[in-house]
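These notes concern the structure reproduced below.
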Amino acid sequence: MELNIFGNPLISCCTAPATGYFRDGLCRTISQDSGTHTVCAIVTQEFLDYSASKGNDLMTPVPHWQFPGLKPGDHWCLCISRWLQAEKAGKAPPIVLEATHEKSLKYTSLELLKRFGIKAI
């Protein structure tokens, strides 16, 4: 069973659009996931623009990867490294803590994640 940053069962981030490395709605990962898609974010326009400026356009659909393109308010499993980069730049989106994988804690602190956290609905 996959766990979240609190050590509880990981809840779904989003299934419409289907997110996660496995496109199963969960921000879970395996060693082949070079991006480590473990952070369940609620993307903002500010973050989307920032990500695009860094060479990762998350707004344009890429059907080959089953990627619909994101708009503000969408929930999406982000790479922990991109989220941390955005946080340092003051552009990090809020995150759903209960849907953020425990592996995120290998890269940052629980305290930092909590500062951006919202409760799952």
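A note on labels: chains of the structure tokens are A, B, ... as shown, every chain counts residues from 1, and ligands are counted from 1 in their shown order.
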| task | Excluding segment 43-55 of chain A and any residue of its chain fewer than 6 positions from it, enumerate the residues within 10 Å of it, using only C-alpha atoms, and give them as a VMD selection string. | result | chain A and resid 70 to 78 82 to 83 85 to 87 89 to 95
Could you write out the selected residues, including N, CA and C atoms, as a short mmCIF file (atom, residue, chain, number, x, y, z; two decimals), in the first residue's frame?
data_model
loop_
_atom_site.label_atom_id
_atom_site.label_comp_id
_atom_site.auth_asym_id
_atom_site.auth_seq_id
_atom_site.Cartn_x
_atom_site.Cartn_y
_atom_site.Cartn_z
N LEU A 70 -3.21 21.28 -19.00
CA LEU A 70 -3.79 21.70 -17.73
C LEU A 70 -4.26 23.13 -17.75
N LYS A 71 -5.22 23.41 -16.89
CA LYS A 71 -5.72 24.77 -16.70
C LYS A 71 -5.75 25.04 -15.19
N PRO A 72 -5.77 26.30 -14.80
CA PRO A 72 -5.80 26.60 -13.36
C PRO A 72 -6.94 25.86 -12.66
N GLY A 73 -6.61 25.32 -11.51
CA GLY A 73 -7.59 24.57 -10.72
C GLY A 73 -7.51 23.07 -10.90
N ASP A 74 -6.85 22.62 -11.98
CA ASP A 74 -6.68 21.18 -12.17
C ASP A 74 -5.75 20.62 -11.09
N HIS A 75 -6.03 19.40 -10.70
CA HIS A 75 -5.14 18.67 -9.78
C HIS A 75 -4.19 17.84 -10.66
N TRP A 76 -2.90 17.83 -10.29
CA TRP A 76 -1.92 17.12 -11.11
C TRP A 76 -0.74 16.67 -10.26
N CYS A 77 -0.24 15.48 -10.54
CA CYS A 77 0.95 14.98 -9.84
C CYS A 77 2.19 15.61 -10.47
N LEU A 78 2.81 16.49 -9.72
CA LEU A 78 4.00 17.18 -10.20
C LEU A 78 5.27 16.47 -9.75
N ARG A 82 10.44 19.97 -9.70
CA ARG A 82 9.83 21.16 -10.31
C ARG A 82 9.07 21.95 -9.25
N TRP A 83 8.36 21.25 -8.37
CA TRP A 83 7.62 21.95 -7.33
C TRP A 83 8.59 22.72 -6.42
N GLN A 85 11.57 23.81 -7.20
CA GLN A 85 12.11 24.92 -7.99
C GLN A 85 11.12 26.08 -8.00
N ALA A 86 9.85 25.76 -8.19
CA ALA A 86 8.81 26.80 -8.20
C ALA A 86 8.68 27.43 -6.82
N GLU A 87 8.82 26.65 -5.78
CA GLU A 87 8.73 27.19 -4.42
C GLU A 87 9.84 28.22 -4.18
N ALA A 89 11.22 30.03 -6.34
CA ALA A 89 10.94 31.20 -7.17
C ALA A 89 9.67 31.94 -6.74
N GLY A 90 9.00 31.44 -5.70
CA GLY A 90 7.76 32.06 -5.25
C GLY A 90 6.57 31.77 -6.13
N LYS A 91 6.59 30.64 -6.85
CA LYS A 91 5.53 30.29 -7.81
C LYS A 91 4.88 28.94 -7.52
N ALA A 92 5.18 28.34 -6.38
CA ALA A 92 4.66 27.00 -6.10
C ALA A 92 3.14 27.02 -5.90
N PRO A 93 2.46 26.04 -6.50
CA PRO A 93 1.01 25.93 -6.28
C PRO A 93 0.72 25.23 -4.97
N PRO A 94 -0.51 25.37 -4.47
CA PRO A 94 -0.90 24.62 -3.27
C PRO A 94 -0.91 23.12 -3.57
N ILE A 95 -0.82 22.33 -2.51
CA ILE A 95 -0.82 20.88 -2.69
C ILE A 95 -1.84 20.22 -1.76
#
As a compact mmCIF listing (two decimals) with C-alpha atoms, in the first residue's frame, please: every residue in chain A that a backbone DSSP assignment puts in strand (DSSP E).
# COMPACT_ATOMS: atom_id res chain seq x y z
CA HIS A 37 5.83 12.65 -9.74
CA THR A 38 4.89 12.61 -6.05
CA VAL A 39 3.32 16.00 -5.29
CA CYS A 40 -0.43 16.44 -5.75
CA ALA A 41 -0.73 20.07 -6.77
CA ILE A 42 -3.67 22.29 -7.60
CA HIS A 75 -5.14 18.67 -9.78
CA TRP A 76 -1.92 17.12 -11.11
CA CYS A 77 0.95 14.98 -9.84
CA LEU A 78 4.00 17.18 -10.20
CA CYS A 79 7.66 16.27 -10.10
CA ILE A 95 -0.82 20.88 -2.69
CA VAL A 96 -3.20 18.25 -1.39
CA GLY A 117 -1.04 22.26 1.95
CA ILE A 118 -4.78 22.19 1.74
| said: What parts of chain A does DSSP call helix (DSSP H, G or I)? I'd like the answer as a PyMOL selection string. | reply: chain A and resi 45-53+63-65+80-88+97-99+102-106+110-115
Considering only C-alpha atoms, tabulate each residue of segment 78-117 of chain A that lies at most 10 Å from segment 4-28 of chain A along with its nearest interatomic pair and the corresponding distance in Å to one decimal; arrange the rows by chain and ascending residue number and present them as CSV.
residue,atom,partner,partner_atom,distance
A:Leu78,CA,A:Cys27,CA,8.0
A:Cys79,CA,A:Cys27,CA,9.4
A:Ile95,CA,A:Cys13,CA,9.6
A:Val96,CA,A:Cys13,CA,7.4
A:Leu97,CA,A:Ile5,CA,6.9
A:Glu98,CA,A:Asn4,CA,5.7
A:Ala99,CA,A:Ile11,CA,4.8
A:Thr100,CA,A:Asn4,CA,5.4
A:His101,CA,A:Asn4,CA,4.3
A:Glu102,CA,A:Ile5,CA,4.1
A:Lys103,CA,A:Ile5,CA,7.5
A:Ser104,CA,A:Ile5,CA,7.2
A:Leu105,CA,A:Ile5,CA,6.8
A:Ser109,CA,A:Ile5,CA,9.7
A:Leu110,CA,A:Ile5,CA,7.2
A:Leu113,CA,A:Ile5,CA,8.9
A:Lys114,CA,A:Ile5,CA,9.7
| What is the distance, in Å and to one decimal place, between atom CA of Asp33 of chain A and atom CA of Phe67 of chain A? | 16.0 Å
| Separation of atom CA of Glu2 of chain A from atom CA of Asn56 of chain A in Å |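 The value is 27.3 Å.
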| message | Between atom CA of Lys88 of chain A and atom CA of Val62 of chain A, what is the distance in Å, rounded to a tenth? | response |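 Value for the atom CA of Lys88 of chain A-atom CA of Val62 of chain A distance: 27.7 Å.
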